[in-house]
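One file, structure34.cif, is given below (mmCIF, C-alpha atoms).
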```cif
data_data
#
loop_
_atom_site.group_PDB
_atom_site.id
_atom_site.type_symbol
_atom_site.label_atom_id
_atom_site.label_comp_id
_atom_site.auth_asym_id
_atom_site.auth_seq_id
_atom_site.Cartn_x
_atom_site.Cartn_y
_atom_site.Cartn_z
ATOM 1 C CA MET W 557 -98.552 -54.693 43.942
ATOM 2 C CA SER W 558 -97.747 -58.248 45.005
ATOM 3 C CA THR W 559 -94.763 -58.767 47.309
ATOM 4 C CA ALA W 560 -94.472 -62.453 46.428
ATOM 5 C CA THR W 561 -91.085 -63.836 45.404
ATOM 6 C CA PRO W 562 -90.587 -64.166 41.625
ATOM 7 C CA PRO W 563 -90.770 -67.756 40.367
ATOM 8 C CA ALA W 564 -87.440 -69.604 40.204
ATOM 9 C CA THR W 565 -88.430 -71.147 36.866
ATOM 10 C CA GLY W 566 -88.762 -67.768 35.187
ATOM 11 C CA ALA W 567 -92.430 -68.420 34.397
ATOM 12 C CA SER W 568 -94.821 -65.529 34.956
ATOM 13 C CA PRO W 569 -97.740 -65.728 37.411
ATOM 14 C CA GLU W 570 -100.096 -65.879 34.420
ATOM 15 C CA GLU W 571 -98.219 -68.843 32.941
ATOM 16 C CA LEU W 572 -98.158 -70.695 36.262
ATOM 17 C CA ARG W 573 -101.864 -70.010 36.770
ATOM 18 C CA ALA W 574 -102.625 -71.352 33.287
ATOM 19 C CA ARG W 575 -100.604 -74.506 34.033
ATOM 20 C CA LEU W 576 -102.516 -75.063 37.253
ATOM 21 C CA ILE W 577 -105.878 -74.673 35.530
ATOM 22 C CA ASP W 578 -104.806 -77.020 32.749
ATOM 23 C CA GLN W 579 -103.655 -79.563 35.352
ATOM 24 C CA LEU W 580 -106.936 -79.406 37.277
ATOM 25 C CA THR W 581 -108.881 -79.736 34.033
ATOM 26 C CA ALA W 582 -106.855 -82.747 32.896
ATOM 27 C CA GLU W 583 -107.342 -84.410 36.301
ATOM 28 C CA GLY W 584 -111.098 -83.880 36.114
ATOM 29 C CA ALA W 585 -111.177 -81.608 39.166
ATOM 30 C CA LEU W 586 -112.262 -78.632 37.074
ATOM 31 C CA SER W 587 -115.035 -79.047 34.519
ATOM 32 C CA ASP W 588 -117.465 -76.111 34.856
ATOM 33 C CA PRO W 589 -116.562 -73.433 32.258
ATOM 34 C CA HIS W 590 -117.694 -70.563 34.506
ATOM 35 C CA VAL W 591 -115.548 -71.718 37.439
ATOM 36 C CA THR W 592 -112.663 -72.348 35.033
ATOM 37 C CA ARG W 593 -112.899 -68.790 33.698
ATOM 38 C CA ALA W 594 -113.027 -67.324 37.208
ATOM 39 C CA MET W 595 -109.955 -69.271 38.324
ATOM 40 C CA ARG W 596 -108.083 -68.237 35.182
ATOM 41 C CA GLU W 597 -108.789 -64.551 35.814
ATOM 42 C CA VAL W 598 -108.524 -64.137 39.614
ATOM 43 C CA PRO W 599 -104.812 -63.901 40.605
ATOM 44 C CA ARG W 600 -104.409 -66.310 43.549
ATOM 45 C CA HIS W 601 -100.857 -65.110 44.294
ATOM 46 C CA ARG W 602 -102.199 -61.657 45.173
ATOM 47 C CA PHE W 603 -104.164 -63.235 48.032
ATOM 48 C CA VAL W 604 -101.216 -65.190 49.485
ATOM 49 C CA PRO W 605 -98.354 -62.647 49.370
ATOM 50 C CA GLU W 606 -96.390 -64.555 52.023
ATOM 51 C CA ALA W 607 -96.027 -67.499 49.597
ATOM 52 C CA ASP W 608 -93.741 -67.594 46.590
ATOM 53 C CA ILE W 609 -95.359 -67.637 43.160
ATOM 54 C CA GLU W 610 -94.803 -71.343 42.535
ATOM 55 C CA GLU W 611 -96.351 -72.220 45.902
ATOM 56 C CA ALA W 612 -99.297 -69.946 45.140
ATOM 57 C CA TYR W 613 -100.000 -71.869 41.935
ATOM 58 C CA ALA W 614 -99.393 -75.377 43.231
ATOM 59 C CA ASP W 615 -102.393 -77.532 44.089
ATOM 60 C CA GLN W 616 -101.781 -77.221 47.806
ATOM 61 C CA ALA W 617 -103.145 -75.287 50.759
ATOM 62 C CA VAL W 618 -101.235 -72.237 51.972
ATOM 63 C CA ILE W 619 -101.347 -71.750 55.747
ATOM 64 C CA THR W 620 -101.764 -68.052 56.500
ATOM 65 C CA LYS W 621 -102.179 -68.097 60.299
ATOM 66 C CA ARG W 622 -101.144 -70.551 62.999
ATOM 67 C CA ALA W 623 -101.823 -70.899 66.714
ATOM 68 C CA SER W 624 -99.001 -70.824 69.257
ATOM 69 C CA ASP W 625 -98.839 -74.644 69.144
ATOM 70 C CA GLY W 626 -98.479 -74.637 65.354
ATOM 71 C CA ALA W 627 -102.057 -75.659 64.557
ATOM 72 C CA ALA W 628 -103.491 -74.053 61.422
ATOM 73 C CA LEU W 629 -106.058 -71.334 62.138
ATOM 74 C CA SER W 630 -106.592 -69.997 58.625
ATOM 75 C CA CYS W 631 -105.455 -70.938 55.150
ATOM 76 C CA ALA W 632 -106.036 -70.675 51.435
ATOM 77 C CA SER W 633 -107.560 -74.019 50.453
ATOM 78 C CA MET W 634 -106.138 -76.300 47.767
ATOM 79 C CA PRO W 635 -107.242 -75.007 44.334
ATOM 80 C CA SER W 636 -108.727 -78.425 43.505
ATOM 81 C CA VAL W 637 -110.902 -78.245 46.635
ATOM 82 C CA VAL W 638 -111.882 -74.656 45.821
ATOM 83 C CA ALA W 639 -112.937 -75.773 42.330
ATOM 84 C CA MET W 640 -114.859 -78.758 43.686
ATOM 85 C CA MET W 641 -116.885 -76.692 46.145
ATOM 86 C CA LEU W 642 -117.610 -73.868 43.700
ATOM 87 C CA GLN W 643 -118.929 -76.449 41.244
ATOM 88 C CA GLN W 644 -121.112 -77.893 44.002
ATOM 89 C CA LEU W 645 -122.380 -74.368 44.769
ATOM 90 C CA ASP W 646 -123.427 -73.700 41.137
ATOM 91 C CA VAL W 647 -123.376 -69.877 41.278
ATOM 92 C CA ARG W 648 -125.433 -67.947 38.730
ATOM 93 C CA PRO W 649 -125.050 -64.280 37.685
ATOM 94 C CA GLY W 650 -126.947 -61.821 39.872
ATOM 95 C CA GLN W 651 -127.179 -64.075 42.929
ATOM 96 C CA ARG W 652 -126.647 -63.073 46.561
ATOM 97 C CA ILE W 653 -123.982 -65.167 48.266
ATOM 98 C CA LEU W 654 -122.834 -65.603 51.860
ATOM 99 C CA GLU W 655 -119.391 -67.033 52.557
ATOM 100 C CA ILE W 656 -118.558 -68.128 56.110
ATOM 101 C CA GLY W 657 -114.817 -68.173 56.675
ATOM 102 C CA ALA W 658 -113.223 -65.211 54.893
ATOM 103 C CA GLY W 659 -109.769 -66.768 54.657
ATOM 104 C CA THR W 660 -107.506 -64.763 52.362
ATOM 105 C CA GLY W 661 -110.372 -63.265 50.352
ATOM 106 C CA TYR W 662 -109.528 -65.407 47.295
ATOM 107 C CA ASN W 663 -112.699 -67.467 47.406
ATOM 108 C CA ALA W 664 -114.806 -64.325 47.850
ATOM 109 C CA ALA W 665 -113.156 -62.835 44.755
ATOM 110 C CA LEU W 666 -114.010 -65.974 42.783
ATOM 111 C CA LEU W 667 -117.601 -65.761 44.025
ATOM 112 C CA ALA W 668 -117.758 -62.106 42.991
ATOM 113 C CA HIS W 669 -116.492 -63.039 39.537
ATOM 114 C CA LEU W 670 -119.150 -65.758 39.232
ATOM 115 C CA THR W 671 -122.123 -63.691 40.407
ATOM 116 C CA GLY W 672 -121.007 -60.578 38.517
ATOM 117 C CA HIS W 673 -121.691 -56.903 39.154
ATOM 118 C CA THR W 674 -125.435 -57.513 39.470
ATOM 119 C CA GLY W 675 -124.887 -59.900 42.385
ATOM 120 C CA MET W 676 -123.566 -59.480 45.921
ATOM 121 C CA VAL W 677 -121.081 -61.387 48.086
ATOM 122 C CA ALA W 678 -120.870 -61.133 51.878
ATOM 123 C CA THR W 679 -117.963 -62.881 53.614
ATOM 124 C CA VAL W 680 -117.674 -63.153 57.397
ATOM 125 C CA ASP W 681 -115.064 -64.413 59.844
ATOM 126 C CA ILE W 682 -114.794 -64.350 63.627
ATOM 127 C CA ASP W 683 -111.094 -63.360 63.516
ATOM 128 C CA PRO W 684 -110.465 -59.620 62.913
ATOM 129 C CA GLU W 685 -106.942 -60.321 61.628
ATOM 130 C CA VAL W 686 -108.385 -62.613 58.967
ATOM 131 C CA THR W 687 -111.043 -60.138 57.836
ATOM 132 C CA ALA W 688 -108.489 -57.318 57.771
ATOM 133 C CA GLY W 689 -106.188 -59.363 55.539
ATOM 134 C CA ALA W 690 -109.052 -60.370 53.246
ATOM 135 C CA THR W 691 -110.154 -56.729 52.975
ATOM 136 C CA ARG W 692 -106.655 -55.609 51.976
ATOM 137 C CA ALA W 693 -106.370 -58.302 49.306
ATOM 138 C CA LEU W 694 -109.812 -57.562 47.872
ATOM 139 C CA GLN W 695 -109.002 -53.842 47.726
ATOM 140 C CA ALA W 696 -105.655 -54.507 46.048
ATOM 141 C CA THR W 697 -107.287 -56.660 43.361
ATOM 142 C CA GLY W 698 -110.337 -54.469 42.777
ATOM 143 C CA TYR W 699 -112.992 -56.834 44.119
ATOM 144 C CA ASP W 700 -113.830 -54.794 47.225
ATOM 145 C CA ASP W 701 -116.729 -53.032 45.488
ATOM 146 C CA GLN W 702 -118.502 -56.386 45.063
ATOM 147 C CA VAL W 703 -117.666 -58.007 48.412
ATOM 148 C CA HIS W 704 -118.888 -56.970 51.873
ATOM 149 C CA VAL W 705 -116.481 -58.160 54.600
ATOM 150 C CA ALA W 706 -117.639 -58.393 58.225
ATOM 151 C CA THR W 707 -116.080 -59.605 61.468
ATOM 152 C CA ARG W 708 -118.650 -61.741 63.237
ATOM 153 C CA ASP W 709 -119.450 -65.246 64.399
ATOM 154 C CA GLY W 710 -120.129 -67.282 61.277
ATOM 155 C CA ALA W 711 -122.699 -69.390 63.152
ATOM 156 C CA LEU W 712 -124.934 -66.300 63.088
ATOM 157 C CA GLY W 713 -124.525 -65.763 59.361
ATOM 158 C CA ASP W 714 -125.086 -62.193 58.171
ATOM 159 C CA ALA W 715 -128.754 -61.304 58.492
ATOM 160 C CA ASP W 716 -128.153 -57.731 57.269
ATOM 161 C CA HIS W 717 -127.838 -58.923 53.670
ATOM 162 C CA ALA W 718 -130.166 -61.956 53.745
ATOM 163 C CA PRO W 719 -131.831 -63.808 52.112
ATOM 164 C CA TYR W 720 -129.100 -65.531 50.130
ATOM 165 C CA ASP W 721 -129.331 -67.673 47.025
ATOM 166 C CA ARG W 722 -126.105 -69.450 47.978
ATOM 167 C CA ILE W 723 -124.230 -70.055 51.249
ATOM 168 C CA ILE W 724 -120.775 -71.638 51.322
ATOM 169 C CA LEU W 725 -118.465 -72.462 54.224
ATOM 170 C CA THR W 726 -114.683 -72.609 54.038
ATOM 171 C CA VAL W 727 -114.377 -73.966 57.592
ATOM 172 C CA GLY W 728 -115.361 -77.368 58.929
ATOM 173 C CA ALA W 729 -118.751 -77.372 60.703
ATOM 174 C CA TRP W 730 -120.129 -80.008 63.054
ATOM 175 C CA ASP W 731 -123.717 -78.758 62.849
ATOM 176 C CA ILE W 732 -125.970 -76.504 60.743
ATOM 177 C CA PRO W 733 -127.162 -73.547 62.860
ATOM 178 C CA THR W 734 -130.701 -72.217 62.522
ATOM 179 C CA ALA W 735 -129.368 -68.896 61.190
ATOM 180 C CA TRP W 736 -128.092 -70.518 57.992
ATOM 181 C CA TRP W 737 -131.479 -72.122 57.378
ATOM 182 C CA ASN W 738 -133.294 -68.846 58.030
ATOM 183 C CA GLN W 739 -130.998 -66.839 55.744
ATOM 184 C CA LEU W 740 -131.058 -69.261 52.796
ATOM 185 C CA ALA W 741 -133.830 -68.721 50.255
ATOM 186 C CA VAL W 742 -136.069 -71.637 49.312
ATOM 187 C CA GLY W 743 -134.428 -73.319 46.332
ATOM 188 C CA GLY W 744 -131.029 -71.998 47.393
ATOM 189 C CA ARG W 745 -127.889 -74.079 47.859
ATOM 190 C CA LEU W 746 -125.740 -74.564 50.969
ATOM 191 C CA VAL W 747 -122.267 -76.110 50.582
ATOM 192 C CA VAL W 748 -120.684 -77.009 53.904
ATOM 193 C CA PRO W 749 -117.662 -79.119 54.920
ATOM 194 C CA LEU W 750 -119.640 -81.170 57.436
ATOM 195 C CA ARG W 751 -117.668 -83.006 60.114
ATOM 196 C CA TRP W 752 -119.044 -86.207 61.587
ATOM 197 C CA ARG W 753 -117.609 -89.440 62.939
ATOM 198 C CA GLY W 754 -114.030 -88.224 62.543
ATOM 199 C CA GLN W 755 -114.050 -87.185 58.885
ATOM 200 C CA THR W 756 -115.217 -84.264 56.771
ATOM 201 C CA ARG W 757 -117.390 -84.290 53.646
ATOM 202 C CA SER W 758 -118.261 -81.255 51.543
ATOM 203 C CA VAL W 759 -122.028 -81.669 51.312
ATOM 204 C CA ALA W 760 -124.171 -79.661 48.894
ATOM 205 C CA PHE W 761 -127.706 -79.131 50.190
ATOM 206 C CA VAL W 762 -130.727 -77.694 48.386
ATOM 207 C CA ARG W 763 -133.216 -75.916 50.615
ATOM 208 C CA GLU W 764 -136.747 -77.179 50.159
ATOM 209 C CA ALA W 765 -139.716 -75.552 51.913
ATOM 210 C CA ASP W 766 -139.297 -77.562 55.116
ATOM 211 C CA HIS W 767 -136.019 -79.495 54.838
ATOM 212 C CA LEU W 768 -132.532 -79.625 53.349
ATOM 213 C CA ARG W 769 -131.850 -82.199 50.635
ATOM 214 C CA ALA W 770 -128.272 -83.261 49.883
ATOM 215 C CA ASP W 771 -127.439 -83.853 46.230
ATOM 216 C CA SER W 772 -123.645 -84.253 46.277
ATOM 217 C CA MET W 773 -120.912 -85.186 48.734
ATOM 218 C CA GLU W 774 -117.117 -85.074 48.427
ATOM 219 C CA LEU W 775 -114.275 -85.972 50.802
ATOM 220 C CA CYS W 776 -112.319 -82.948 52.032
ATOM 221 C CA GLY W 777 -110.563 -81.464 55.064
ATOM 222 C CA PHE W 778 -110.890 -78.033 56.676
ATOM 223 C CA VAL W 779 -109.864 -76.085 59.752
ATOM 224 C CA PRO W 780 -112.676 -76.584 62.325
ATOM 225 C CA MET W 781 -115.115 -73.750 62.904
ATOM 226 C CA ILE W 782 -114.516 -71.907 66.182
ATOM 227 C CA GLY W 783 -117.304 -72.303 68.731
ATOM 228 C CA GLN W 784 -118.731 -75.661 67.652
ATOM 229 C CA GLU W 785 -117.716 -78.269 70.219
ATOM 230 C CA GLY W 786 -119.234 -81.390 68.692
ATOM 231 C CA GLU W 787 -116.026 -83.357 68.131
ATOM 232 C CA HIS W 788 -113.776 -84.803 70.846
ATOM 233 C CA GLU W 789 -110.320 -86.326 70.727
ATOM 234 C CA GLY W 790 -108.065 -88.227 73.077
ATOM 235 C CA ALA W 791 -104.831 -90.231 72.953
ATOM 236 C CA ILE W 792 -104.996 -94.017 73.063
ATOM 237 C CA ASP W 793 -101.287 -94.501 73.857
ATOM 238 C CA LYS W 794 -99.436 -92.727 76.666
ATOM 239 C CA GLU W 795 -97.058 -90.973 74.257
ATOM 240 C CA GLY W 796 -99.893 -89.470 72.211
ATOM 241 C CA HIS W 797 -98.940 -90.996 68.849
ATOM 242 C CA VAL W 798 -102.357 -92.620 68.305
ATOM 243 C CA THR W 799 -105.458 -90.464 68.651
ATOM 244 C CA LEU W 800 -109.140 -91.306 68.756
ATOM 245 C CA TYR W 801 -111.742 -88.859 67.344
ATOM 246 C CA TRP W 802 -115.426 -89.182 68.216
ATOM 247 C CA ASP W 803 -118.579 -87.049 68.367
ATOM 248 C CA ALA W 804 -120.387 -85.569 71.360
ATOM 249 C CA ASP W 805 -123.369 -87.904 70.957
ATOM 250 C CA GLN W 806 -121.156 -90.996 71.265
ATOM 251 C CA HIS W 807 -120.375 -92.577 74.632
ATOM 252 C CA ILE W 808 -116.719 -93.323 73.919
ATOM 253 C CA SER W 809 -113.702 -93.100 76.229
ATOM 254 C CA PRO W 810 -110.145 -93.491 74.851
ATOM 255 C CA THR W 811 -108.842 -94.382 78.313
ATOM 256 C CA THR W 812 -110.496 -97.806 78.052
ATOM 257 C CA LEU W 813 -108.250 -98.506 75.045
ATOM 258 C CA HIS W 814 -104.931 -97.524 76.657
ATOM 259 C CA ARG W 815 -103.734 -101.122 76.932
ATOM 260 C CA SER W 816 -105.120 -102.305 73.589
ATOM 261 C CA LEU W 817 -102.049 -101.436 71.509
ATOM 262 C CA ALA W 818 -99.808 -103.535 73.765
ATOM 263 C CA MET W 819 -101.960 -106.649 73.309
ATOM 264 C CA PRO W 820 -101.358 -109.343 70.646
ATOM 265 C CA ARG W 821 -102.592 -108.262 67.208
ATOM 266 C CA THR W 822 -105.826 -109.794 65.936
ATOM 267 C CA GLU W 823 -107.105 -109.511 62.362
ATOM 268 C CA MET W 824 -110.767 -109.782 61.442
ATOM 269 C CA TRP W 825 -111.847 -109.656 57.805
ATOM 270 C CA SER W 826 -115.091 -107.959 56.869
ATOM 271 C CA GLY W 827 -115.794 -110.119 53.825
ATOM 272 C CA VAL W 828 -116.079 -107.000 51.634
ATOM 273 C CA THR W 829 -113.706 -106.786 48.664
ATOM 274 C CA VAL W 830 -112.553 -103.413 47.320
ATOM 275 C CA GLY W 831 -110.684 -103.233 44.015
ATOM 276 C CA PRO W 832 -107.356 -101.385 43.628
ATOM 277 C CA THR W 833 -108.974 -98.375 41.942
ATOM 278 C CA GLU W 834 -112.230 -98.368 43.912
ATOM 279 C CA SER W 835 -113.047 -95.855 46.630
ATOM 280 C CA PHE W 836 -114.121 -97.312 49.959
ATOM 281 C CA ASP W 837 -115.675 -94.061 51.193
ATOM 282 C CA GLY W 838 -119.066 -95.725 50.834
ATOM 283 C CA VAL W 839 -118.071 -98.273 53.485
ATOM 284 C CA TRP W 840 -117.411 -95.445 55.964
ATOM 285 C CA LEU W 841 -120.703 -93.714 55.081
ATOM 286 C CA ARG W 842 -122.677 -96.909 55.599
ATOM 287 C CA MET W 843 -120.955 -97.548 58.920
ATOM 288 C CA THR W 844 -121.738 -94.056 60.203
ATOM 289 C CA ALA W 845 -125.412 -94.687 59.447
ATOM 290 C CA THR W 846 -125.629 -98.184 60.903
ATOM 291 C CA GLU W 847 -122.934 -98.553 63.593
ATOM 292 C CA SER W 848 -123.288 -96.105 66.482
ATOM 293 C CA GLY W 849 -119.686 -96.615 67.613
ATOM 294 C CA THR W 850 -118.062 -95.621 64.308
ATOM 295 C CA CYS W 851 -115.210 -93.174 64.888
ATOM 296 C CA ARG W 852 -111.707 -92.454 63.580
ATOM 297 C CA ILE W 853 -108.285 -93.513 64.817
ATOM 298 C CA SER W 854 -105.298 -91.472 63.650
ATOM 299 C CA ALA W 855 -101.700 -92.689 63.878
ATOM 300 C CA ASP W 856 -98.749 -90.339 63.360
ATOM 301 C CA ASP W 857 -95.531 -91.250 61.496
ATOM 302 C CA THR W 858 -93.814 -92.449 64.667
ATOM 303 C CA ALA W 859 -96.625 -94.922 65.395
ATOM 304 C CA VAL W 860 -96.578 -96.259 61.827
ATOM 305 C CA ARG W 861 -92.775 -96.568 61.573
ATOM 306 C CA SER W 862 -92.501 -98.323 64.928
ATOM 307 C CA GLY W 863 -95.190 -100.837 64.023
ATOM 308 C CA LEU W 864 -97.464 -99.684 66.835
ATOM 309 C CA CYS W 865 -100.184 -99.242 64.209
ATOM 310 C CA ALA W 866 -100.419 -100.598 60.666
ATOM 311 C CA PRO W 867 -103.132 -98.608 58.848
ATOM 312 C CA ALA W 868 -104.214 -99.845 55.433
ATOM 313 C CA ILE W 869 -103.430 -96.433 53.939
ATOM 314 C CA PRO W 870 -100.745 -94.710 56.069
ATOM 315 C CA ALA W 871 -101.213 -91.378 54.233
ATOM 316 C CA ARG W 872 -104.789 -91.162 55.566
ATOM 317 C CA SER W 873 -104.061 -92.483 59.041
#
```
Can you turn what I pasted into C-alpha cells?
Amino acid sequence: MSTATPPATGASPEELRARLIDQLTAEGALSDPHVTRAMREVPRHRFVPEADIEEAYADQAVITKRASDGAALSCASMPSVVAMMLQQLDVRPGQRILEIGAGTGYNAALLAHLTGHTGMVATVDIDPEVTAGATRALQATGYDDQVHVATRDGALGDADHAPYDRIILTVGAWDIPTAWWNQLAVGGRLVVPLRWRGQTRSVAFVREADHLRADSMELCGFVPMIGQEGEHEGAIDKEGHVTLYWDADQHISPTTLHRSLAMPRTEMWSGVTVGPTESFDGVWLRMTATESGTCRISADDTAVRSGLCAPAIPARS
C-alpha cells in the first residue's frame, strides 16, 4: 500500500494520473498509443512514496537520493522525458530489454508493460540502495515477475540475459562502452542520454552490422553515470558563480578566463537570425561538429542578478 500523502485537492491518484496523461498528450509530448496506455496503467505514485500524490503526478522530476553536498544521485525523471525516451525506444511485445539506471523502478515497470509477459526486462544500477528500492516498488506493484533487478556497473551491461532487442539508459553517459554494443542485437535500438560539449541529448541509435546509426535526438538532462570521467568543470570567477564545462579531449583551462568577467563587455553578432518560436539547438550541434573549442558556461542566479553574466536565456544558463 502506498504511504504517499493524500492529494490536497481531493482528486484520486487515478484522476491525477489521467490529468497528467491528458496534459502530455495535449502538449504533444505523448503520442504513441502503447506508451500512453502504459503510463495510464502504471501507478507512478507507488514508485515515489516519499512524494505527495500531486507531486507524483506533476510533470517534474522527483529526487529520491542526494549526496552529502545536496547533489542529486537518483531520481524519477519528468514524465514528459520518460514518454519521449520510450517513444524513441519503440518497444514491441515479446522483446528483451536492458535498462541501465534502475531509479525507482517506474521506468522498468513501464517497459514490462510494453513488452508484455512474453518479453523480459533487466534493470541494473551500481547503487545497492537504488536497486533495493526499485525491487520493493516492483514487488509492491506486481511487476517483479517480469523484471530482473541486478546491482552492477551499468557500463558492463548485463551479459547474463543478452542479447537485447532494446537498451535504454536513464543516466547521462559520456561514452558508449563496448559491452552495450556487444549485448545489443543487430537491428536493435539503443536510447542513451549522451553528454558532450556541456549538454545532454537523448539519442536513439539503431544497431547495424558494423555501426550505430542515430535516427532521433532530443534535448534532455540526467544525473551523470558513475565511473565515466569524460566531462570536466571549473569556476571562472573566484566566488564560483560562473562555471565552465568541457570534455576530456578539449585542451581548455578555466583559470585563463579568471579575469575575463572583470573586463569591459564586448558584443559580437554571429549574423544568424533565430525567430521567437524557433529552436537554436541546431546552432549548438553545428558548433560541436565544427568548432573544437565549443563548451558550456553556466551562470547561477547570483551571477545573473548582479549583472556579472547576461545569458540570452537565464533559465538555461
Exercise. Determine, counting only C-alpha atoms, which protein, DNA and RNA residues have an atom within 12 Å of an atom of Arg602 (chain W); residues of the same chain fewer than 6 positions away are not included. Present the result as JSON, numbers by chain.
Key: {"W": [557, 558, 559, 560, 561, 569, 570, 573, 608, 609, 612, 613, 632, 660, 661, 662, 665, 689, 690, 692, 693, 694, 695, 696, 697, 698, 699]}
Quiz item: Within 10 Å of region 782-796 of chain W, counting only C-alpha atoms, which residues qualify if same-chain residues fewer than 6 places away don't, as a ChimeraX atom specification?
Solution: /W:629,681-683,709-711,727-731,733,751-754,802-806,808-818,852-856,859,864
For the residues in the current selection, export C-alpha atoms as an mmCIF file, in the coordinates of the input.
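Final output, saved to result.cif:
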```cif
data_model
loop_
_atom_site.group_PDB
_atom_site.id
_atom_site.type_symbol
_atom_site.label_atom_id
_atom_site.label_comp_id
_atom_site.auth_asym_id
_atom_site.auth_seq_id
_atom_site.Cartn_x
_atom_site.Cartn_y
_atom_site.Cartn_z
ATOM 1 C CA LEU W 629 -106.058 -71.334 62.138
ATOM 2 C CA ASP W 681 -115.064 -64.413 59.844
ATOM 3 C CA ILE W 682 -114.794 -64.350 63.627
ATOM 4 C CA ASP W 683 -111.094 -63.360 63.516
ATOM 5 C CA ASP W 709 -119.450 -65.246 64.399
ATOM 6 C CA GLY W 710 -120.129 -67.282 61.277
ATOM 7 C CA ALA W 711 -122.699 -69.390 63.152
ATOM 8 C CA VAL W 727 -114.377 -73.966 57.592
ATOM 9 C CA GLY W 728 -115.361 -77.368 58.929
ATOM 10 C CA ALA W 729 -118.751 -77.372 60.703
ATOM 11 C CA TRP W 730 -120.129 -80.008 63.054
ATOM 12 C CA ASP W 731 -123.717 -78.758 62.849
ATOM 13 C CA PRO W 733 -127.162 -73.547 62.860
ATOM 14 C CA ARG W 751 -117.668 -83.006 60.114
ATOM 15 C CA TRP W 752 -119.044 -86.207 61.587
ATOM 16 C CA ARG W 753 -117.609 -89.440 62.939
ATOM 17 C CA GLY W 754 -114.030 -88.224 62.543
ATOM 18 C CA TRP W 802 -115.426 -89.182 68.216
ATOM 19 C CA ASP W 803 -118.579 -87.049 68.367
ATOM 20 C CA ALA W 804 -120.387 -85.569 71.360
ATOM 21 C CA ASP W 805 -123.369 -87.904 70.957
ATOM 22 C CA GLN W 806 -121.156 -90.996 71.265
ATOM 23 C CA ILE W 808 -116.719 -93.323 73.919
ATOM 24 C CA SER W 809 -113.702 -93.100 76.229
ATOM 25 C CA PRO W 810 -110.145 -93.491 74.851
ATOM 26 C CA THR W 811 -108.842 -94.382 78.313
ATOM 27 C CA THR W 812 -110.496 -97.806 78.052
ATOM 28 C CA LEU W 813 -108.250 -98.506 75.045
ATOM 29 C CA HIS W 814 -104.931 -97.524 76.657
ATOM 30 C CA ARG W 815 -103.734 -101.122 76.932
ATOM 31 C CA SER W 816 -105.120 -102.305 73.589
ATOM 32 C CA LEU W 817 -102.049 -101.436 71.509
ATOM 33 C CA ALA W 818 -99.808 -103.535 73.765
ATOM 34 C CA ARG W 852 -111.707 -92.454 63.580
ATOM 35 C CA ILE W 853 -108.285 -93.513 64.817
ATOM 36 C CA SER W 854 -105.298 -91.472 63.650
ATOM 37 C CA ALA W 855 -101.700 -92.689 63.878
ATOM 38 C CA ASP W 856 -98.749 -90.339 63.360
ATOM 39 C CA ALA W 859 -96.625 -94.922 65.395
ATOM 40 C CA LEU W 864 -97.464 -99.684 66.835
#
```
Exercise. Given the file shown, enumerate the residues that the PyMOL selection byres ((chain W and resi 848) around 10) captures and present them as a PyMOL selection string.
Key: chain W and resi 753+805-807+843-847+849-851
Expand the PyMOL selection byres ((chain W and resi 674) around 9) into the individual residues it matches in the shown file, reporting them as a PDB file with C-alpha atoms, in the frame of the given file.
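Below is the file that was written, result-v3.pdb:
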```
ATOM      1  CA  PRO W 649    -125.050 -64.280  37.685  1.00  0.00           C
ATOM      2  CA  GLY W 650    -126.947 -61.821  39.872  1.00  0.00           C
ATOM      3  CA  GLN W 651    -127.179 -64.075  42.929  1.00  0.00           C
ATOM      4  CA  THR W 671    -122.123 -63.691  40.407  1.00  0.00           C
ATOM      5  CA  GLY W 672    -121.007 -60.578  38.517  1.00  0.00           C
ATOM      6  CA  HIS W 673    -121.691 -56.903  39.154  1.00  0.00           C
ATOM      7  CA  GLY W 675    -124.887 -59.900  42.385  1.00  0.00           C
ATOM      8  CA  MET W 676    -123.566 -59.480  45.921  1.00  0.00           C
ATOM      9  CA  GLN W 702    -118.502 -56.386  45.063  1.00  0.00           C
TER      10      GLN W 702
END
```
Quiz prompt | Among the residues W:Leu654, W:Leu768, W:Ile577, W:Met595, the one that comes closest to Thr726 (chain W) [using all atoms listed in the file] | solution = W:Leu654
Report as a CSV table (one decimal) with C-alpha atoms, in the frame of the given file all protein, DNA and RNA residues lying within 10 Å of Thr858 (chain W), evaluated on all atoms listed in the file, omitting residues in the same chain fewer than 6 positions from it.
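Result saved to out-v3.csv:
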```csv
chain,number,residue,atom,x,y,z
W,797,HIS,CA,-98.9,-91.0,68.8
W,798,VAL,CA,-102.4,-92.6,68.3
W,864,LEU,CA,-97.5,-99.7,66.8
W,865,CYS,CA,-100.2,-99.2,64.2
```
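Minimum distance to Asp615 (chain W) across W:Thr592, W:Leu580, W:Asp714, W:Val647 (counting all atoms listed in the file) occurs at W:Leu580.
Take the candidates W:Ser630, W:Gln616, W:Thr687, W:Ser636 and check each one against Ala582 (chain W) using only C-alpha atoms; the shortest distance goes to W:Ser636.
Residue nearest Phe761 (chain W) within the list W:Asp701, W:Asp857, W:Glu571, W:Asp646: W:Asp646 [criterion: smallest interatomic distance, all atoms listed in the file].
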Determine the residue membership of the PyMOL selection byres ((chain W and resi 640-642) around 9) for the file above and supply it as a short mmCIF file (atom, residue, chain, number, x, y, z; two decimals) with C-alpha atoms, in the coordinates of the input.
```cif
data_model
loop_
_atom_site.label_atom_id
_atom_site.label_comp_id
_atom_site.auth_asym_id
_atom_site.auth_seq_id
_atom_site.Cartn_x
_atom_site.Cartn_y
_atom_site.Cartn_z
CA ALA W 585 -111.18 -81.61 39.17
CA LEU W 586 -112.26 -78.63 37.07
CA VAL W 591 -115.55 -71.72 37.44
CA PRO W 635 -107.24 -75.01 44.33
CA SER W 636 -108.73 -78.42 43.50
CA VAL W 637 -110.90 -78.24 46.64
CA VAL W 638 -111.88 -74.66 45.82
CA ALA W 639 -112.94 -75.77 42.33
CA GLN W 643 -118.93 -76.45 41.24
CA GLN W 644 -121.11 -77.89 44.00
CA LEU W 645 -122.38 -74.37 44.77
CA ASP W 646 -123.43 -73.70 41.14
CA VAL W 647 -123.38 -69.88 41.28
CA ASN W 663 -112.70 -67.47 47.41
CA LEU W 666 -114.01 -65.97 42.78
CA LEU W 667 -117.60 -65.76 44.02
CA ILE W 724 -120.78 -71.64 51.32
CA VAL W 747 -122.27 -76.11 50.58
CA VAL W 748 -120.68 -77.01 53.90
CA SER W 758 -118.26 -81.26 51.54
CA VAL W 759 -122.03 -81.67 51.31
CA ALA W 760 -124.17 -79.66 48.89
CA GLU W 774 -117.12 -85.07 48.43
#
```
